Amino acid sequence: MKRVDDFRLRLGKHELVPIMIGGMGVDISTADLALEAARLGGVGHISDAMINTVSDRRYETKHVKEKLALYKFNVLNEDKSPVKFDLGRVAEATKLHVEATMNRKQGSGMVFINCMEKLTMNAPRETLKVRMSSALDAGIDGITLAAGLHLGSFGLIEDHPRFRDAKLGIIVSSVRALQLFLKKSARTSRLPDYIVVEGPLAGGHLGFGMDWAQYDLATIVAEVMQYLKDEQLDIPVIPAGGIFTGTDAAQFLEAGAAAVQVATRFTVADECGLPSAAKQEYFKASEDDIEVNQISPTGYPMRMIKSSPGIGDGIRPNCEAYGYLLDANGKCAYISAYNREVAAHPGARKVKVLDKTCLCTHMRNFEIWTCGQLTWRLKDTTRRLVDGSYQVPSAAHIFQDYQFSTDQQIALPPELA
Ligand SMILES: Cc1cc2nc3c(=O)[nH]c(=O)nc-3n(C[C@H](O)[C@H](O)[C@H](O)COP(=O)(O)O)c2cc1C
């Protein structure tokens, strides 16, 4: 049986270790995490989710405070349509994050940025165009189009000087989604450089309905590869979702995949952006503690740990400060759910909102613990310390475990001195 290191991912003239760490917003896949993947010869992702907020936290800008000051008059208003993003600020924040990351890049690998279409930001086309163009301006190696069909996304950047040289990929969960994307992007005469096929066991939002358990990654990957063969398209296919060991990964590579995209194993890495206490919750989680629910206002099912503090919380919508999920008409499903509860409980100091969550606020504060289905296995990937907590491994340790392990083995991190 071969191991991951027996294979290489070819993207144009680049040859890479076929391990891609998936994008995890909001700054869960940090620059430090992505840079480790690149240093070790693979591909890492940063994310542009809530980029103005991330910029404030990382680079001491004041975008959130100043946006809130500008729209403070609207805080008690149910209509959020006036709350717009300043495109110049979105560009500035994106450039800061991408440049700061790329300036530190070492090694032969690459750093991509994960751009989710569902972050509609009260002006979907305009904001997505600025997000992608600024990342390209700032020297990102590639863009992975995520959380959406992205039927018009190539068109938004086709005039950018780097449109044909940067690596551009798309995440799909079915052949149908891929077909639609290729059809609608054909006008730009540019194919994606890679296709991530994300199955139902992934973390974050799912490209499936609540019947996700009826789907299987290997089957979808085989369908996508067959379709590409029939169409005589030579595009690397990268499976994602539930690939937990080097052996799982090598099996996909032997079956013709070009690389694998993984994330859950890295949620507990030292370089991962989750707070230490949240990492311990990921380690501790049992299979029963993980659920797929519909509380994300995006309309996509999302997987998370049931004890996430953000579930059921009824805070006032924070769109004047954030507002990343406002659709083209300034609406978000959480606002309606919140207003319904407030109307049903007149005089209550605080309401509970069970069916939707204020995802911006809670992702920003790491209070929705989104995770992959196999999170419950993380406890078997490390050591238990004397105080009962779990040892946090380095990203390099996890990366190399994927790269070199065989026989379904998982190497434990070196014992702490
Ligand atoms: C904590 C977490 C956050 C994620 N956030 C995003 C995201 O913002 N955008 C995205 O496209 N995928 C996101 N994902 C999906 C991963 O990028 C990846 O494709 C998937 O989780 C791989 O499966 P695995 O976690 O079983 O290895 C997230 C996954 C996790 C675990």
# chains A, B, ... in the order shown; residues from 1 in each chain; ligands from 1
>>> residues_near_ligand(ligand="ligand 1", cutoff="6 Å", atoms="only C-alpha atoms and all ligand atoms", output="PyMOL selection string")
chain A and resi 22-25+146-147+198+201-204+240-243+261-264+370-372
>>> residues_around(residues="segment 94-98 of chain A", least_positions_apart="5", cutoff="7 Å", atoms="only C-alpha atoms", output="ChimeraX atom specification")
/A:48,51,55,131,134-135,138,140
>>> atom_distance(atom1="atom CA of Val54 of chain A", atom2="atom CA of Asp27 of chain A")
6.8 Å
>>> atom_distance(atom1="atom CA of Glu99 of chain A", atom2="atom CA of His14 of chain A")
21.1 Å
>>> atom_distance(atom1="atom CA of Gly256 of chain A", atom2="atom CA of Ala218 of chain A")
11.1 Å
>>> residues_around(residues="Asp289 of chain A", least_positions_apart="2", cutoff="10 Å", atoms="only C-alpha atoms", output="list in words")
Tyr282, Lys284, Ala285, Ser286, Glu287, Glu291, Met304, Ile305, Lys306, Ser307, Ser308, Thr375 and Trp376 of chain A
>>> closest_residue(among="A:Gly109, A:Met102, A:Asp216, A:Gly44", to="Leu136 of chain A", atoms="only C-alpha atoms")
A:Met102
>>> residues_around(residues="Gly155 of chain A", least_positions_apart="4", cutoff="10 Å", atoms="only C-alpha atoms", output="number ranges by chain")
A: 129, 150-151, 159-160, 163, 184-188, 190
>>> write_last_selection(atoms="C-alpha atoms", output="short mmCIF file (atom, residue, chain, number, x, y, z; two decimals), in the first residue's frame")
data_model
loop_
_atom_site.label_atom_id
_atom_site.label_comp_id
_atom_site.auth_asym_id
_atom_site.auth_seq_id
_atom_site.Cartn_x
_atom_site.Cartn_y
_atom_site.Cartn_z
CA LYS A 129 -15.50 41.07 -6.94
CA HIS A 150 -20.30 30.62 -8.11
CA LEU A 151 -21.97 30.72 -11.51
CA ASP A 159 -10.42 41.35 -16.52
CA HIS A 160 -7.93 41.00 -13.69
CA PHE A 163 -7.04 35.84 -13.96
CA LYS A 184 -21.80 29.24 -16.79
CA SER A 185 -18.04 29.93 -16.72
CA ALA A 186 -17.44 28.71 -20.30
CA ARG A 187 -17.80 32.27 -21.61
CA THR A 188 -14.53 33.21 -19.86
CA ARG A 190 -10.99 29.42 -18.47
#
>>> select_by_dssp(residues="segment 100-306 of chain A", states="helix (DSSP H, G or I)", output="PyMOL selection string")
chain A and resi 100-102+124-137+153-157+175-188+212-214+217-230+246-254+264-268+276-284+287-289
>>> closest_residue(among="A:Asp193, A:Asp270, A:Asp401, A:Glu341", to="Leu354 of chain A", atoms="only C-alpha atoms")
A:Glu341
>>> select_by_dssp(residues="segment 150-210 of chain A", states="strand (DSSP E)", output="ChimeraX atom specification")
/A:167-172,194-198,204-205
>>> residues_around(residues="Asp141 of chain A", least_positions_apart="4", cutoff="7 Å", atoms="only C-alpha atoms", output="PyMOL selection string")
chain A and resi 110-112+166-167
>>> closest_atom_pairs(of="segment 252-346 of chain A", to="segment 227-238 of chain A", cutoff="7 Å", atoms="only C-alpha atoms", output="JSON lines")
{"residue": "A:Ala257", "atom": "CA", "partner": "A:Val237", "partner_atom": "CA", "distance": 5.3}
{"residue": "A:Ala258", "atom": "CA", "partner": "A:Pro236", "partner_atom": "CA", "distance": 5.2}
{"residue": "A:Ala259", "atom": "CA", "partner": "A:Ile238", "partner_atom": "CA", "distance": 5.0}
{"residue": "A:Val260", "atom": "CA", "partner": "A:Ile238", "partner_atom": "CA", "distance": 5.0}
{"residue": "A:Gln261", "atom": "CA", "partner": "A:Ile238", "partner_atom": "CA", "distance": 6.3}
